[in-house]
file target_18.cif (mmCIF, C-alpha atoms and all ligand atoms)
data_query
#
loop_
_atom_site.label_atom_id
_atom_site.label_comp_id
_atom_site.auth_asym_id
_atom_site.auth_seq_id
_atom_site.Cartn_x
_atom_site.Cartn_y
_atom_site.Cartn_z
CA MET P 1 302.96 59.55 135.63
CA SER P 2 299.96 60.66 137.68
CA SER P 3 296.60 58.97 137.61
CA THR P 4 293.87 61.01 135.96
CA ASN P 5 291.37 60.90 138.78
CA LEU P 6 291.31 63.91 141.01
CA GLN P 7 290.10 62.68 144.35
CA LYS P 8 288.34 65.97 145.07
CA LYS P 9 284.85 66.26 143.66
CA SER P 10 284.74 70.02 144.20
CA PRO P 11 288.16 71.28 143.16
CA VAL P 12 289.73 74.72 143.24
CA VAL P 13 289.94 75.80 139.59
CA ALA P 14 292.17 78.56 138.19
CA ILE P 15 292.03 80.19 134.77
CA ALA P 16 295.38 81.62 133.68
CA GLY P 17 294.58 84.19 131.00
CA ALA P 18 291.07 84.82 132.35
CA THR P 19 290.74 88.22 130.67
CA GLY P 20 291.53 86.90 127.18
CA ALA P 21 289.17 85.76 124.43
CA VAL P 22 289.44 82.08 125.46
CA GLY P 23 289.60 82.90 129.19
CA VAL P 24 286.20 84.57 129.12
CA GLU P 25 284.73 81.55 127.30
CA LEU P 26 286.31 79.21 129.85
CA MET P 27 284.36 81.05 132.58
CA THR P 28 281.15 80.80 130.55
CA CYS P 29 281.64 77.06 129.92
CA LEU P 30 282.35 76.37 133.61
CA GLU P 31 279.22 78.32 134.55
CA GLN P 32 276.89 76.88 131.91
CA ARG P 33 278.05 73.31 132.43
CA LYS P 34 277.73 73.70 136.23
CA PHE P 35 281.28 72.56 136.77
CA PRO P 36 281.49 71.42 140.40
CA LEU P 37 284.16 73.76 141.76
CA SER P 38 284.66 75.13 145.25
CA GLU P 39 286.60 78.23 144.14
CA LEU P 40 287.40 79.90 140.83
CA ARG P 41 290.65 81.83 140.71
CA LEU P 42 291.06 84.27 137.83
CA LEU P 43 294.63 85.00 136.83
CA ALA P 44 296.06 87.33 134.18
CA SER P 45 298.91 89.79 133.74
CA ALA P 46 299.72 92.52 136.27
CA ARG P 47 297.81 94.91 133.95
CA SER P 48 294.53 93.21 134.85
CA ALA P 49 295.14 92.63 138.57
CA GLY P 50 292.27 94.11 140.58
CA LYS P 51 289.79 93.98 137.71
CA LYS P 52 286.45 92.38 138.64
CA MET P 53 284.76 89.72 136.51
CA LYS P 54 281.38 88.07 137.14
CA PHE P 55 281.10 84.34 137.80
CA ARG P 56 277.81 82.78 138.89
CA GLY P 57 276.47 86.24 139.68
CA ALA P 58 279.34 87.21 141.99
CA ASP P 59 282.37 89.43 141.43
CA VAL P 60 285.72 87.65 141.25
CA VAL P 61 288.82 89.85 141.49
CA VAL P 62 291.52 89.06 138.92
CA GLN P 63 294.94 88.32 140.42
CA GLU P 64 298.34 88.47 138.80
CA LEU P 65 299.59 85.08 137.56
CA THR P 66 302.51 84.21 139.84
CA ASP P 67 303.85 81.02 141.44
CA ASP P 68 302.04 82.01 144.66
CA SER P 69 298.70 82.55 142.94
CA LEU P 70 298.74 78.88 141.86
CA LYS P 71 299.06 77.48 145.38
CA GLY P 72 296.09 75.34 146.44
CA VAL P 73 294.80 75.01 142.87
CA ASP P 74 293.55 71.53 141.83
CA ILE P 75 292.82 72.20 138.14
CA ALA P 76 294.54 75.03 136.23
CA LEU P 77 293.17 75.96 132.82
CA PHE P 78 295.93 77.81 130.99
CA SER P 79 295.20 80.17 128.12
CA ALA P 80 297.70 82.98 128.48
CA GLY P 81 300.01 82.10 125.58
CA GLY P 82 302.87 79.64 125.19
CA ALA P 83 305.45 81.67 127.11
CA GLN P 84 303.25 81.86 130.22
CA SER P 85 302.43 78.14 129.98
CA LYS P 86 306.10 77.25 129.77
CA ARG P 87 306.89 79.48 132.72
CA TYR P 88 303.96 78.72 135.02
CA ALA P 89 302.42 75.33 134.11
CA PRO P 90 305.31 73.39 135.75
CA ALA P 91 304.86 75.57 138.86
CA ALA P 92 301.15 74.74 138.92
CA VAL P 93 301.95 71.02 138.65
CA LYS P 94 304.52 71.35 141.42
CA ALA P 95 301.87 73.01 143.57
CA GLY P 96 299.65 69.92 143.05
CA ALA P 97 297.42 70.98 140.16
CA VAL P 98 296.57 69.18 136.95
CA VAL P 99 297.04 71.67 134.10
CA VAL P 100 294.86 71.72 130.99
CA ASP P 101 296.97 73.80 128.64
CA ASN P 102 295.49 75.59 125.67
CA SER P 103 298.85 76.74 124.28
CA SER P 104 301.10 74.81 121.92
CA ALA P 105 303.90 74.64 124.52
CA PHE P 106 303.56 70.95 125.47
CA ARG P 107 301.32 69.51 122.75
CA MET P 108 303.97 67.50 120.93
CA ASP P 109 305.77 66.45 124.11
CA ALA P 110 305.74 62.62 124.09
CA ASN P 111 304.62 62.47 127.73
CA THR P 112 301.79 64.98 127.33
CA PRO P 113 298.43 63.66 126.17
CA LEU P 114 296.81 65.76 123.44
CA VAL P 115 293.13 65.25 123.93
CA VAL P 116 289.79 65.66 122.21
CA PRO P 117 287.54 63.79 124.66
CA GLU P 118 285.19 62.42 121.97
CA ILE P 119 288.21 60.87 120.24
CA ASN P 120 291.01 59.90 122.60
CA ALA P 121 289.89 60.41 126.21
CA ALA P 122 291.79 57.19 126.98
CA ALA P 123 295.05 59.10 126.42
CA MET P 124 294.28 61.02 129.64
CA LYS P 125 294.72 57.88 131.74
CA SER P 126 298.29 58.80 132.52
CA HIS P 127 300.05 62.13 132.35
CA ASN P 128 302.76 64.16 134.01
CA GLY P 129 300.37 66.76 135.38
CA ILE P 130 299.80 68.51 132.04
CA ILE P 131 297.14 67.64 129.48
CA ALA P 132 297.29 69.62 126.24
CA ASN P 133 294.29 71.05 124.47
CA PRO P 134 294.92 70.80 120.71
CA ASN P 135 295.10 73.60 118.16
CA CYS P 136 291.65 74.93 117.27
CA VAL P 137 291.78 73.82 113.61
CA ALA P 138 292.99 70.36 114.60
CA ILE P 139 290.05 69.95 117.00
CA VAL P 140 287.39 71.29 114.62
CA ALA P 141 288.64 69.13 111.73
CA ALA P 142 289.15 66.01 113.85
CA MET P 143 285.58 65.95 115.17
CA PRO P 144 283.86 64.96 111.89
CA LEU P 145 286.89 63.11 110.51
CA TRP P 146 287.19 60.67 113.41
CA PRO P 147 283.94 58.71 112.81
CA ILE P 148 284.84 58.45 109.12
CA HIS P 149 288.37 57.35 109.98
CA GLN P 150 287.07 54.63 112.28
CA LYS P 151 284.79 53.28 109.57
CA ALA P 152 286.86 53.64 106.38
CA ARG P 153 290.40 54.71 107.45
CA ILE P 154 291.72 57.99 106.12
CA LYS P 155 294.89 57.48 104.11
CA ARG P 156 295.42 61.07 103.02
CA LEU P 157 293.94 64.33 104.25
CA VAL P 158 294.04 67.78 102.61
CA MET P 159 292.85 70.71 104.75
CA SER P 160 292.29 74.32 103.67
CA THR P 161 291.28 76.69 106.45
CA TYR P 162 289.28 79.90 106.66
CA GLN P 163 290.34 81.11 110.13
CA ALA P 164 288.64 83.75 112.23
CA ALA P 165 290.20 86.62 114.17
CA SER P 166 289.45 84.95 117.53
CA GLY P 167 292.36 82.55 117.04
CA ALA P 168 294.72 85.51 117.41
CA GLY P 169 293.04 86.67 120.63
CA ALA P 170 290.76 89.43 121.83
CA ALA P 171 293.00 92.18 120.44
CA ALA P 172 292.78 90.73 116.91
CA MET P 173 288.97 90.58 117.14
CA GLN P 174 288.99 94.25 118.11
CA GLU P 175 291.34 95.04 115.25
CA LEU P 176 288.97 93.39 112.78
CA SER P 177 286.01 95.43 114.10
CA GLU P 178 287.93 98.72 114.20
CA SER P 179 289.60 98.31 110.82
CA THR P 180 286.27 97.41 109.19
CA LYS P 181 284.67 100.53 110.68
CA ALA P 182 287.60 102.68 109.53
CA PHE P 183 287.43 101.17 106.02
CA LEU P 184 283.70 101.89 105.72
CA GLU P 185 284.20 105.45 106.96
CA GLY P 186 287.08 105.98 104.53
CA ARG P 187 289.60 106.51 107.34
CA PRO P 188 293.17 105.12 107.22
CA PHE P 189 293.91 102.26 109.65
CA THR P 190 297.31 100.93 110.62
CA PRO P 191 297.23 97.27 111.73
CA LYS P 192 298.86 96.70 115.13
CA VAL P 193 298.06 93.10 116.03
CA LEU P 194 298.08 91.35 112.65
CA PRO P 195 300.64 91.97 109.92
CA HIS P 196 298.22 92.86 107.11
CA PRO P 197 295.04 94.87 106.60
CA TYR P 198 292.21 92.65 107.88
CA ALA P 199 289.03 94.36 106.71
CA PHE P 200 287.83 92.95 103.36
CA ASN P 201 291.05 90.98 102.99
CA VAL P 202 292.32 87.39 103.21
CA PHE P 203 295.91 86.50 104.05
CA SER P 204 298.14 83.51 104.71
CA HIS P 205 298.27 82.64 108.44
CA ASN P 206 300.38 85.11 110.38
CA THR P 207 302.79 82.54 111.88
CA ARG P 208 306.39 82.17 110.71
CA VAL P 209 306.96 80.26 107.49
CA ASP P 210 309.67 77.59 107.58
CA PRO P 211 311.91 78.45 104.59
CA GLU P 212 312.78 74.77 104.10
CA THR P 213 309.29 73.27 104.02
CA GLY P 214 307.29 76.35 102.96
CA TYR P 215 304.72 75.57 105.66
CA ASN P 216 303.83 78.14 108.33
CA GLU P 217 303.79 77.16 112.01
CA GLU P 218 300.01 76.89 112.15
CA GLU P 219 299.99 74.43 109.25
CA THR P 220 302.75 72.37 110.85
CA LYS P 221 300.87 72.27 114.17
CA VAL P 222 297.62 71.22 112.52
CA MET P 223 299.32 68.39 110.61
CA GLN P 224 301.37 67.07 113.54
CA GLU P 225 298.53 67.36 116.03
CA THR P 226 295.99 65.60 113.82
CA ARG P 227 298.37 62.64 113.59
CA LYS P 228 298.88 62.63 117.37
CA ILE P 229 295.17 62.89 118.25
CA PHE P 230 294.31 60.05 115.85
CA GLY P 231 297.28 57.98 117.02
CA GLU P 232 298.34 57.73 113.36
CA PRO P 233 301.96 58.93 113.12
CA ASP P 234 302.13 58.09 109.41
CA LEU P 235 298.86 59.71 108.29
CA ARG P 236 299.52 61.66 105.08
CA VAL P 237 298.23 65.14 105.73
CA THR P 238 298.75 68.63 104.33
CA ALA P 239 297.23 71.96 105.33
CA THR P 240 296.94 75.50 104.00
CA CYS P 241 295.99 77.95 106.76
CA VAL P 242 294.49 81.32 105.89
CA ARG P 243 292.90 84.12 107.90
CA VAL P 244 289.57 85.49 106.77
CA PRO P 245 287.77 88.55 108.17
CA VAL P 246 285.38 86.59 110.41
CA LEU P 247 285.18 87.24 114.14
CA ARG P 248 285.03 83.86 115.83
CA ALA P 249 284.35 80.60 113.98
CA HIS P 250 286.79 78.72 111.78
CA CYS P 251 285.80 76.96 108.56
CA ILE P 252 287.82 74.16 106.98
CA ALA P 253 287.51 72.51 103.58
CA LEU P 254 288.50 68.86 103.96
CA ASN P 255 289.42 66.40 101.25
CA ILE P 256 290.01 62.81 102.27
CA GLU P 257 291.23 59.69 100.53
CA LEU P 258 289.99 56.54 102.26
CA GLU P 259 291.21 52.97 102.38
CA HIS P 260 287.67 51.65 101.92
CA ALA P 261 284.97 53.19 99.72
CA LEU P 262 282.34 55.22 101.58
CA THR P 263 279.41 56.88 99.87
CA PRO P 264 278.36 60.43 100.82
CA ALA P 265 275.12 58.96 102.19
CA GLU P 266 277.08 56.56 104.40
CA ALA P 267 279.32 59.39 105.60
CA ARG P 268 276.26 61.57 106.32
CA ALA P 269 274.68 58.75 108.35
CA LEU P 270 277.87 58.25 110.37
CA LEU P 271 278.16 61.98 111.06
CA ALA P 272 274.48 62.26 112.04
CA ASN P 273 275.27 59.97 114.99
CA ALA P 274 278.65 61.45 115.90
CA PRO P 275 278.85 63.18 119.30
CA GLY P 276 279.56 66.92 119.15
CA VAL P 277 278.89 67.08 115.40
CA ARG P 278 275.83 68.44 113.56
CA VAL P 279 275.15 67.75 109.89
CA VAL P 280 274.16 70.93 108.00
CA ASP P 281 273.91 69.72 104.43
CA ASP P 282 270.79 71.06 102.73
CA ILE P 283 271.51 70.76 99.00
CA GLU P 284 268.11 72.05 97.92
CA LYS P 285 268.41 75.28 99.92
CA ASN P 286 272.16 75.56 99.30
CA TYR P 287 272.53 75.76 103.09
CA PHE P 288 275.80 74.54 104.52
CA PRO P 289 278.08 75.24 107.54
CA MET P 290 278.73 78.95 108.12
CA PRO P 291 280.64 80.83 110.84
CA VAL P 292 277.52 82.80 111.79
CA ASP P 293 275.71 79.54 112.55
CA ALA P 294 278.67 77.93 114.32
CA SER P 295 279.42 80.96 116.55
CA GLY P 296 278.36 80.37 120.14
CA LYS P 297 277.50 76.72 119.44
CA ASP P 298 279.12 73.68 121.01
CA GLU P 299 278.79 71.43 117.96
CA VAL P 300 281.02 71.37 114.90
CA LEU P 301 278.85 71.81 111.80
CA VAL P 302 279.62 69.60 108.79
CA GLY P 303 278.18 69.63 105.29
CA ARG P 304 278.95 69.72 101.55
CA ILE P 305 279.53 65.98 101.95
CA ARG P 306 280.23 64.77 98.44
CA LYS P 307 282.23 62.33 96.40
CA ASP P 308 285.48 63.78 95.10
CA VAL P 309 285.01 63.24 91.37
CA SER P 310 288.74 63.52 90.74
CA ASP P 311 289.08 60.03 92.26
CA PRO P 312 287.04 57.53 90.22
CA SER P 313 287.60 54.76 92.80
CA GLY P 314 284.91 56.30 95.05
CA LYS P 315 287.33 56.32 97.94
CA SER P 316 287.68 60.12 98.20
CA LEU P 317 285.25 62.57 99.79
CA SER P 318 285.09 66.34 100.22
CA LEU P 319 283.51 68.03 103.26
CA PHE P 320 283.19 71.52 104.68
CA VAL P 321 283.09 72.26 108.40
CA ALA P 322 282.54 75.26 110.65
CA GLY P 323 283.27 75.26 114.37
CA ASP P 324 283.43 77.91 117.06
CA GLN P 325 287.14 78.45 117.57
CA LEU P 326 286.63 79.79 121.09
CA LEU P 327 284.31 76.94 122.20
CA LYS P 328 285.02 73.45 120.79
CA GLY P 329 288.25 74.83 119.31
CA ALA P 330 289.46 75.96 122.74
CA ALA P 331 287.46 76.59 125.94
CA LEU P 332 284.77 73.92 125.65
CA ASN P 333 287.29 71.19 124.81
CA ALA P 334 289.43 72.26 127.79
CA VAL P 335 286.45 72.17 130.16
CA GLN P 336 285.39 68.77 128.79
CA ILE P 337 288.91 67.52 129.59
CA ALA P 338 288.59 68.98 133.10
CA GLU P 339 285.23 67.22 133.52
CA ARG P 340 286.85 63.90 132.61
CA LEU P 341 289.45 64.50 135.31
CA LEU P 342 286.64 64.23 137.85
CA ASP P 343 285.16 60.99 136.42
P1 LIG P 401 295.89 90.61 130.23
O1 LIG P 401 294.47 90.85 129.78
O2 LIG P 401 296.13 91.07 131.63
O3 LIG P 401 296.93 91.07 129.24
P2 LIG P 401 294.19 86.85 124.27
O4 LIG P 401 294.52 85.46 123.81
O5 LIG P 401 292.75 87.20 124.07
O6 LIG P 401 295.13 87.86 123.69
O7 LIG P 401 294.42 86.86 125.86
C1 LIG P 401 295.64 86.55 126.46
C2 LIG P 401 295.46 86.32 127.96
O8 LIG P 401 296.74 86.04 128.52
C3 LIG P 401 294.93 87.54 128.70
O9 LIG P 401 294.14 87.11 129.79
C4 LIG P 401 296.21 88.19 129.19
O10 LIG P 401 296.06 89.00 130.35
C5 LIG P 401 297.02 86.97 129.55
N1 LIG P 401 298.44 87.31 129.61
C6 LIG P 401 299.19 87.87 128.65
N2 LIG P 401 300.45 88.08 129.11
C7 LIG P 401 300.49 87.61 130.37
C8 LIG P 401 301.49 87.54 131.39
N3 LIG P 401 302.72 87.98 131.19
N4 LIG P 401 301.14 87.01 132.61
C9 LIG P 401 299.90 86.57 132.81
N5 LIG P 401 298.91 86.61 131.90
C10 LIG P 401 299.20 87.12 130.70
#
call {"tool": "encode", "arguments": {"input": "target_18.cif", "output": "C-alpha cells", "more": "lines below"}}
Ligand code: A2P
result
Amino acid sequence: MSSTNLQKKSPVVAIAGATGAVGVELMTCLEQRKFPLSELRLLASARSAGKKMKFRGADVVVQELTDDSLKGVDIALFSAGGAQSKRYAPAAVKAGAVVVDNSSAFRMDANTPLVVPEINAAAMKSHNGIIANPNCVAIVAAMPLWPIHQKARIKRLVMSTYQAASGAGAAAMQELSESTKAFLEGRPFTPKVLPHPYAFNVFSHNTRVDPETGYNEEETKVMQETRKIFGEPDLRVTATCVRVPVLRAHCIALNIELEHALTPAEARALLANAPGVRVVDDIEKNYFPMPVDASGKDEVLVGRIRKDVSDPSGKSLSLFVAGDQLLKGAALNAVQIAERLLD
C-alpha cells in the first residue's frame, strides 16, 4: 500500500480520455480550481492524436494513450472507459503515478478506495496506486444521504433515477440533440449510440440486465457502491435506473427508512449545513431540484424533503435530488480526490 501524500506540490497531471464528455470537464475543473500542476498531458485514442485543446489559454496537443505517454506522470485522471482503465491504469501506477479512475474497473476491488471526499476521504489514506471515483448516481445520491445517515442511520434506501445522456458520453449527448432535431423536423432517425429512440422517450438503463436478479448493471453498481462508500456492507438498498432525455444532470428520487425518527425540518437543517449540497425546497413556489438548475453547478441540489406517509412511525423520508453528472458525478469529484492527494 502506498501513502496518499504525493511529495510533489506541482505534479505532472495526465487526463486519459481528455476529448470525452468527462475529460473536457476535468480540464475545466483543473483550470477553475487552479490545480497546482507543472504539466498537463492530454491523452485519448489514436483518432484524436494531434488535436489541440486549450488549457489556461495555451494549446495542448492531444497524444495517443500508450504506456510511453504515461511516463513521468504523477497523477493520472482516467476517463476513457473501463477497458482502457484496465489496460493502462496499472501501467500508469508502474510508471509512478497515482491513478484516479472514473471507470467501474476497480471500484469494487477490496484494495481500491472508492471515494467521495466529503464522505470518506479517510479511505484514501492507503491504496495500491489506484483510487476509484464512484458511479455518478452513487455520488449524487450519497451527498445528501450521508449527513442524514450520520444523524439517524439509514436502514433501507430506495432509489429511482432520471439519468441524463451525459452518463453515456459525448456521443450520446449528440445523439439526444440530433434525434430531437430530427423528430421536430419530422425526419426519421436511427439511434447509433443508445439502443432506443431518445427524443421524447424514457427507457430502462441501457446496461445489461442480469437474468437472475432482474437488475441491470447500473443498478447493481449503484447499490454496491453506495454500501462501499458508506462503509455499510449490509445496508438494504434497491435502485431502478432509467434514462430520460436530459443532456447532463441526473435526478434521483430517494426514499429512506431510518433507525431514528427525523422530521423533514430536522433533515432540511442538516442538509442546509452539508458541504457540497444546496437545499432547493420552495413549497410555496413549487420550486425543487431540476437538471437545468444543477447543470454546470458543483453542488448537489436537494428538495421535496417530506415525511413518507406510508410509514406512520415517522422514520421514513422522501427526497428528490439533482446533480451535474459530469461535475460532482464525475470530473469534480475526481479533481477533489486529486487535491486531497496533495494535502
Ligand atoms: P477519442 O475522442 O479519441 O475517441 P466519452 O465518454 O465522452 O465517450 O469519451 C471517451 C473518451 O475515451 C474519449 O476521450 C476517447 O477518445 C477516449 N477513448 C476511447 N477509446 C480509447 C482508446 N482505445 N484509447 C484511448 N482513449 C480512448
call {"tool": "residues_around", "arguments": {"input": "target_18.cif", "residues": "Thr161 (chain P)", "least_positions_apart": "5", "cutoff": "8 Å", "atoms": "all atoms listed in the file", "output": "PyMOL selection string"}}
result
chain P and resi 137+239-243+250-253
call {"tool": "closest_atom_pairs", "arguments": {"input": "target_18.cif", "of": "chain P", "to": "ligand LIG 401 (chain P)", "cutoff": "9 Å", "atoms": "all atoms listed in the file", "output": "CSV"}}
result
residue,atom,partner,partner_atom,distance
P:Ile15,CA,P:LIG401,O9,8.8
P:Ala16,CA,P:LIG401,N5,6.4
P:Gly17,CA,P:LIG401,O9,3.2
P:Ala18,CA,P:LIG401,O9,4.6
P:Thr19,CA,P:LIG401,O9,3.7
P:Gly20,CA,P:LIG401,O7,3.2
P:Ala21,CA,P:LIG401,O5,3.9
P:Val22,CA,P:LIG401,O5,6.3
P:Gly23,CA,P:LIG401,O9,6.2
P:Val24,CA,P:LIG401,O9,8.4
P:Leu43,CA,P:LIG401,N5,6.7
P:Ala44,CA,P:LIG401,N5,3.7
P:Ser45,CA,P:LIG401,C9,3.5
P:Ala46,CA,P:LIG401,O2,6.0
P:Arg47,CA,P:LIG401,O2,4.8
P:Ser48,CA,P:LIG401,O2,4.2
P:Ala49,CA,P:LIG401,O2,7.2
P:Val62,CA,P:LIG401,O2,8.9
P:Glu64,CA,P:LIG401,C9,6.5
P:Leu65,CA,P:LIG401,C9,5.0
P:Thr66,CA,P:LIG401,C9,7.9
P:Phe78,CA,P:LIG401,O8,8.6
P:Ser79,CA,P:LIG401,O8,6.1
P:Ala80,CA,P:LIG401,O8,3.2
P:Gly81,CA,P:LIG401,O8,5.9
P:Ala83,CA,P:LIG401,N3,8.0
P:Gln84,CA,P:LIG401,N4,6.1
P:Ser166,CA,P:LIG401,O5,7.7
P:Gly167,CA,P:LIG401,O4,7.7
P:Ala168,CA,P:LIG401,O4,6.4
P:Gly169,CA,P:LIG401,O5,3.5
P:Ala170,CA,P:LIG401,O5,3.7
P:Ala171,CA,P:LIG401,O6,5.8
P:Ala172,CA,P:LIG401,O6,7.7
P:Met173,CA,P:LIG401,O5,8.6
call {"tool": "closest_residue", "arguments": {"input": "target_18.cif", "among": "P:Ala123, P:Ala58, P:Met159, P:Val280", "to": "Glu31 (chain P)", "atoms": "only C-alpha atoms"}}
result
P:Ala58
call {"tool": "atom_distance", "arguments": {"input": "target_18.cif", "atom1": "CA of Ile229 (chain P)", "atom2": "CA of Leu254 (chain P)"}}
result
16.9 Å
call {"tool": "atom_distance", "arguments": {"input": "target_18.cif", "atom1": "CA of Leu247 (chain P)", "atom2": "CA of Leu327 (chain P)"}}
result
13.1 Å
call {"tool": "closest_residue", "arguments": {"input": "target_18.cif", "among": "P:His149, P:Tyr198, P:Phe230, P:Lys86", "to": "Ile119 (chain P)", "atoms": "all atoms listed in the file"}}
result
P:Phe230
call {"tool": "residues_around", "arguments": {"input": "target_18.cif", "residues": "Asn111 (chain P)", "least_positions_apart": "2", "cutoff": "7 Å", "atoms": "all atoms listed in the file", "output": "list in words"}}
result
Asp109, Pro113, His127 and Asn128 of chain P
call {"tool": "closest_residue", "arguments": {"input": "target_18.cif", "among": "P:Ile131, P:Val302, P:Lys328, P:Ser104", "to": "Asp282 (chain P)", "atoms": "all atoms listed in the file"}}
result
P:Val302
call {"tool": "atom_distance", "arguments": {"input": "target_18.cif", "atom1": "CA of Leu332 (chain P)", "atom2": "CA of Thr112 (chain P)"}}
result
19.3 Å
call {"tool": "closest_residue", "arguments": {"input": "target_18.cif", "among": "P:Trp146, P:Lys34, P:Pro312, P:Gly82", "to": "Gly231 (chain P)", "atoms": "all atoms listed in the file"}}
result
P:Trp146
call {"tool": "closest_residue", "arguments": {"input": "target_18.cif", "among": "P:Lys307, P:Arg248, P:Arg268, P:Arg56", "to": "Met290 (chain P)", "atoms": "only C-alpha atoms"}}
result
P:Arg248
call {"tool": "residues_around", "arguments": {"input": "target_18.cif", "residues": "Glu39 (chain P)", "least_positions_apart": "5", "cutoff": "8 Å", "atoms": "all atoms listed in the file", "output": "PyMOL selection string"}}
result
chain P and resi 11-13
call {"tool": "residues_around", "arguments": {"input": "target_18.cif", "residues": "Leu145 (chain P)", "least_positions_apart": "5", "cutoff": "12 Å", "atoms": "all atoms listed in the file", "output": "PyMOL selection string"}}
result
chain P and resi 118-119+138-140+150-159+226-227+229-230+252-258+267-268+270-271+274-277+300-302+305+317-321
call {"tool": "closest_residue", "arguments": {"input": "target_18.cif", "among": "P:Asn120, P:Val279, P:Val99, P:Val193", "to": "Glu232 (chain P)", "atoms": "all atoms listed in the file"}}
result
P:Asn120
call {"tool": "residues_around", "arguments": {"input": "target_18.cif", "residues": "Ala122 (chain P)", "least_positions_apart": "5", "cutoff": "10 Å", "atoms": "only C-alpha atoms", "output": "ChimeraX atom specification"}}
result
/P:4,113,115-117
call {"tool": "residues_near_point", "arguments": {"input": "target_18.cif", "point": "(296.7, 66.9, 109.0)", "cutoff": "6 Å", "atoms": "all atoms listed in the file", "output": "list of chain:residue names"}}
result
P:Val222, P:Met223, P:Thr226, P:Val237, P:Thr238
call {"tool": "write_last_selection", "arguments": {"input": "target_18.cif", "atoms": "C-alpha atoms", "output": "mmCIF file, in the frame of the given file"}}
result
data_model
loop_
_atom_site.group_PDB
_atom_site.id
_atom_site.type_symbol
_atom_site.label_atom_id
_atom_site.label_comp_id
_atom_site.auth_asym_id
_atom_site.auth_seq_id
_atom_site.Cartn_x
_atom_site.Cartn_y
_atom_site.Cartn_z
ATOM 1 C CA VAL P 222 297.620 71.220 112.520
ATOM 2 C CA MET P 223 299.320 68.390 110.610
ATOM 3 C CA THR P 226 295.990 65.600 113.820
ATOM 4 C CA VAL P 237 298.230 65.140 105.730
ATOM 5 C CA THR P 238 298.750 68.630 104.330
#
call {"tool": "axis_aligned_box", "arguments": {"input": "target_18.cif", "around": "region 244-261 of chain P", "padding_each_side": "4 Å", "output": "JSON"}}
result
{"center_x": 287.8, "center_y": 70.1, "center_z": 107.8, "size_x": 14.9, "size_y": 44.9, "size_z": 24.1}
